[in-house]
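Peer 1: Sharing a structure below in structure tokens format, with a few things to ask.
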Amino acid sequence: MKLINIGFGNMVSASRLVAIVSPESAPIKRIIQDVRDRGQLIDATYGRRTRAVIIMDSGHVILSALQPETVSGRMTGRSEESSGGDRDNE
């Protein structure tokens, strides 16, 4: 099982991930609110601005302070995956 660091030491399973999207659009904001009401929202931003919304196959939605491109890069295994690639968290 491959785990992806989504910031601040939090990990998600790559095999359970459905989509990584930006939180800017109205439909995504509606999805976030609906999932929050159902109790399936996981906020992994540690109080920072939400930059990526991660949708899981279980119906859970995870908020991350990393850019979607950063999370995607960690999933595909680009050089950013090493411990030195956490610039967004500083």
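Identifiers for the structure tokens are assigned positionally: chains receive A, B, ... in sequence, residues are indexed from 1 per chain, and ligands are indexed from 1 in the order shown.
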Please give the complete set of residues from chain A that DSSP, run on the backbone, assigns to strand (DSSP E), formatted as a PyMOL selection string.

Peer 2: chain A and resi 3-7+10-13+17-21+41-44+52-56+61-64

Peer 1: Could you write out the selected residues, including N, CA, C and O atoms, as an mmCIF file, in the first residue's frame?

Peer 2:
```cif
data_model
loop_
_atom_site.group_PDB
_atom_site.id
_atom_site.type_symbol
_atom_site.label_atom_id
_atom_site.label_comp_id
_atom_site.auth_asym_id
_atom_site.auth_seq_id
_atom_site.Cartn_x
_atom_site.Cartn_y
_atom_site.Cartn_z
ATOM 1 N N LEU A 3 1.438 5.172 0.523
ATOM 2 C CA LEU A 3 0.875 6.314 1.240
ATOM 3 C C LEU A 3 1.437 7.604 0.658
ATOM 4 O O LEU A 3 2.607 7.668 0.297
ATOM 5 N N ILE A 4 0.598 8.626 0.597
ATOM 6 C CA ILE A 4 1.002 9.927 0.073
ATOM 7 C C ILE A 4 0.937 10.945 1.206
ATOM 8 O O ILE A 4 -0.083 11.058 1.889
ATOM 9 N N ASN A 5 2.017 11.682 1.392
ATOM 10 C CA ASN A 5 2.057 12.743 2.396
ATOM 11 C C ASN A 5 1.243 13.927 1.872
ATOM 12 O O ASN A 5 1.539 14.478 0.820
ATOM 13 N N ILE A 6 0.202 14.326 2.622
ATOM 14 C CA ILE A 6 -0.637 15.452 2.206
ATOM 15 C C ILE A 6 -0.355 16.695 3.040
ATOM 16 O O ILE A 6 -1.119 17.646 3.026
ATOM 17 N N GLY A 7 0.752 16.676 3.763
ATOM 18 C CA GLY A 7 1.175 17.827 4.553
ATOM 19 C C GLY A 7 1.103 17.576 6.039
ATOM 20 O O GLY A 7 0.231 16.849 6.512
ATOM 21 N N ASN A 10 0.635 14.056 7.587
ATOM 22 C CA ASN A 10 -0.592 13.296 7.349
ATOM 23 C C ASN A 10 -0.467 12.511 6.047
ATOM 24 O O ASN A 10 0.061 13.018 5.062
ATOM 25 N N MET A 11 -0.965 11.290 6.053
ATOM 26 C CA MET A 11 -0.847 10.406 4.895
ATOM 27 C C MET A 11 -2.214 9.890 4.479
ATOM 28 O O MET A 11 -3.096 9.702 5.320
ATOM 29 N N VAL A 12 -2.365 9.645 3.169
ATOM 30 C CA VAL A 12 -3.558 8.984 2.645
ATOM 31 C C VAL A 12 -3.111 7.845 1.741
ATOM 32 O O VAL A 12 -2.034 7.881 1.162
ATOM 33 N N SER A 13 -3.963 6.848 1.616
ATOM 34 C CA SER A 13 -3.664 5.703 0.764
ATOM 35 C C SER A 13 -3.885 6.081 -0.695
ATOM 36 O O SER A 13 -4.971 6.522 -1.075
ATOM 37 N N LEU A 17 -7.632 6.935 -3.319
ATOM 38 C CA LEU A 17 -7.813 8.303 -3.787
ATOM 39 C C LEU A 17 -8.558 8.320 -5.127
ATOM 40 O O LEU A 17 -8.212 7.580 -6.038
ATOM 41 N N VAL A 18 -9.587 9.165 -5.235
ATOM 42 C CA VAL A 18 -10.364 9.274 -6.467
ATOM 43 C C VAL A 18 -9.980 10.536 -7.229
ATOM 44 O O VAL A 18 -9.772 10.496 -8.436
ATOM 45 N N ALA A 19 -9.866 11.679 -6.508
ATOM 46 C CA ALA A 19 -9.581 12.942 -7.191
ATOM 47 C C ALA A 19 -8.882 13.914 -6.252
ATOM 48 O O ALA A 19 -9.060 13.868 -5.035
ATOM 49 N N ILE A 20 -8.081 14.796 -6.861
ATOM 50 C CA ILE A 20 -7.447 15.910 -6.151
ATOM 51 C C ILE A 20 -7.861 17.162 -6.905
ATOM 52 O O ILE A 20 -7.517 17.315 -8.080
ATOM 53 N N VAL A 21 -8.623 18.044 -6.260
ATOM 54 C CA VAL A 21 -9.162 19.212 -6.942
ATOM 55 C C VAL A 21 -8.905 20.488 -6.145
ATOM 56 O O VAL A 21 -8.624 20.452 -4.943
ATOM 57 N N LEU A 41 -15.910 14.771 6.674
ATOM 58 C CA LEU A 41 -14.867 15.709 6.266
ATOM 59 C C LEU A 41 -13.676 15.585 7.210
ATOM 60 O O LEU A 41 -13.837 15.556 8.433
ATOM 61 N N ILE A 42 -12.489 15.501 6.636
ATOM 62 C CA ILE A 42 -11.252 15.453 7.417
ATOM 63 C C ILE A 42 -10.445 16.690 7.070
ATOM 64 O O ILE A 42 -10.050 16.881 5.916
ATOM 65 N N ASP A 43 -10.222 17.544 8.047
ATOM 66 C CA ASP A 43 -9.475 18.783 7.826
ATOM 67 C C ASP A 43 -8.030 18.568 8.257
ATOM 68 O O ASP A 43 -7.725 18.503 9.440
ATOM 69 N N ALA A 44 -7.138 18.460 7.271
ATOM 70 C CA ALA A 44 -5.711 18.237 7.542
ATOM 71 C C ALA A 44 -4.908 19.495 7.228
ATOM 72 O O ALA A 44 -3.726 19.414 6.906
ATOM 73 N N ALA A 52 -6.054 22.212 -1.534
ATOM 74 C CA ALA A 52 -6.424 21.007 -2.280
ATOM 75 C C ALA A 52 -7.526 20.271 -1.535
ATOM 76 O O ALA A 52 -7.541 20.218 -0.306
ATOM 77 N N VAL A 53 -8.454 19.736 -2.310
ATOM 78 C CA VAL A 53 -9.534 18.918 -1.779
ATOM 79 C C VAL A 53 -9.321 17.517 -2.342
ATOM 80 O O VAL A 53 -9.261 17.334 -3.556
ATOM 81 N N ILE A 54 -9.181 16.547 -1.453
ATOM 82 C CA ILE A 54 -8.891 15.174 -1.846
ATOM 83 C C ILE A 54 -10.150 14.347 -1.609
ATOM 84 O O ILE A 54 -10.657 14.291 -0.487
ATOM 85 N N ILE A 55 -10.654 13.733 -2.671
ATOM 86 C CA ILE A 55 -11.868 12.943 -2.594
ATOM 87 C C ILE A 55 -11.478 11.471 -2.593
ATOM 88 O O ILE A 55 -10.755 11.011 -3.476
ATOM 89 N N MET A 56 -11.980 10.747 -1.601
ATOM 90 C CA MET A 56 -11.634 9.339 -1.428
ATOM 91 C C MET A 56 -12.780 8.444 -1.894
ATOM 92 O O MET A 56 -13.935 8.895 -1.954
ATOM 93 N N VAL A 61 -13.905 13.250 2.380
ATOM 94 C CA VAL A 61 -13.218 14.338 1.695
ATOM 95 C C VAL A 61 -12.182 14.894 2.658
ATOM 96 O O VAL A 61 -12.471 15.132 3.836
ATOM 97 N N ILE A 62 -10.959 15.087 2.156
ATOM 98 C CA ILE A 62 -9.854 15.561 2.983
ATOM 99 C C ILE A 62 -9.404 16.912 2.456
ATOM 100 O O ILE A 62 -9.210 17.088 1.254
ATOM 101 N N LEU A 63 -9.256 17.877 3.368
ATOM 102 C CA LEU A 63 -8.749 19.199 3.012
ATOM 103 C C LEU A 63 -7.261 19.247 3.319
ATOM 104 O O LEU A 63 -6.830 18.842 4.398
ATOM 105 N N SER A 64 -6.486 19.762 2.372
ATOM 106 C CA SER A 64 -5.040 19.846 2.536
ATOM 107 C C SER A 64 -4.560 21.261 2.263
ATOM 108 O O SER A 64 -5.141 21.965 1.428
#
```

Peer 1: Quick one, how far is atom CA of A:Ser72 from atom CA of A:Ala14?

Peer 2: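 Between these atoms lies a distance of 10.1 Å.
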
Peer 1: Please determine, counting only C-alpha atoms, which residue among A:Arg36, A:Gly47, A:Ser22, A:Lys29 has the shortest atom-to-atom distance to A:Thr70.

Peer 2: A:Ser22
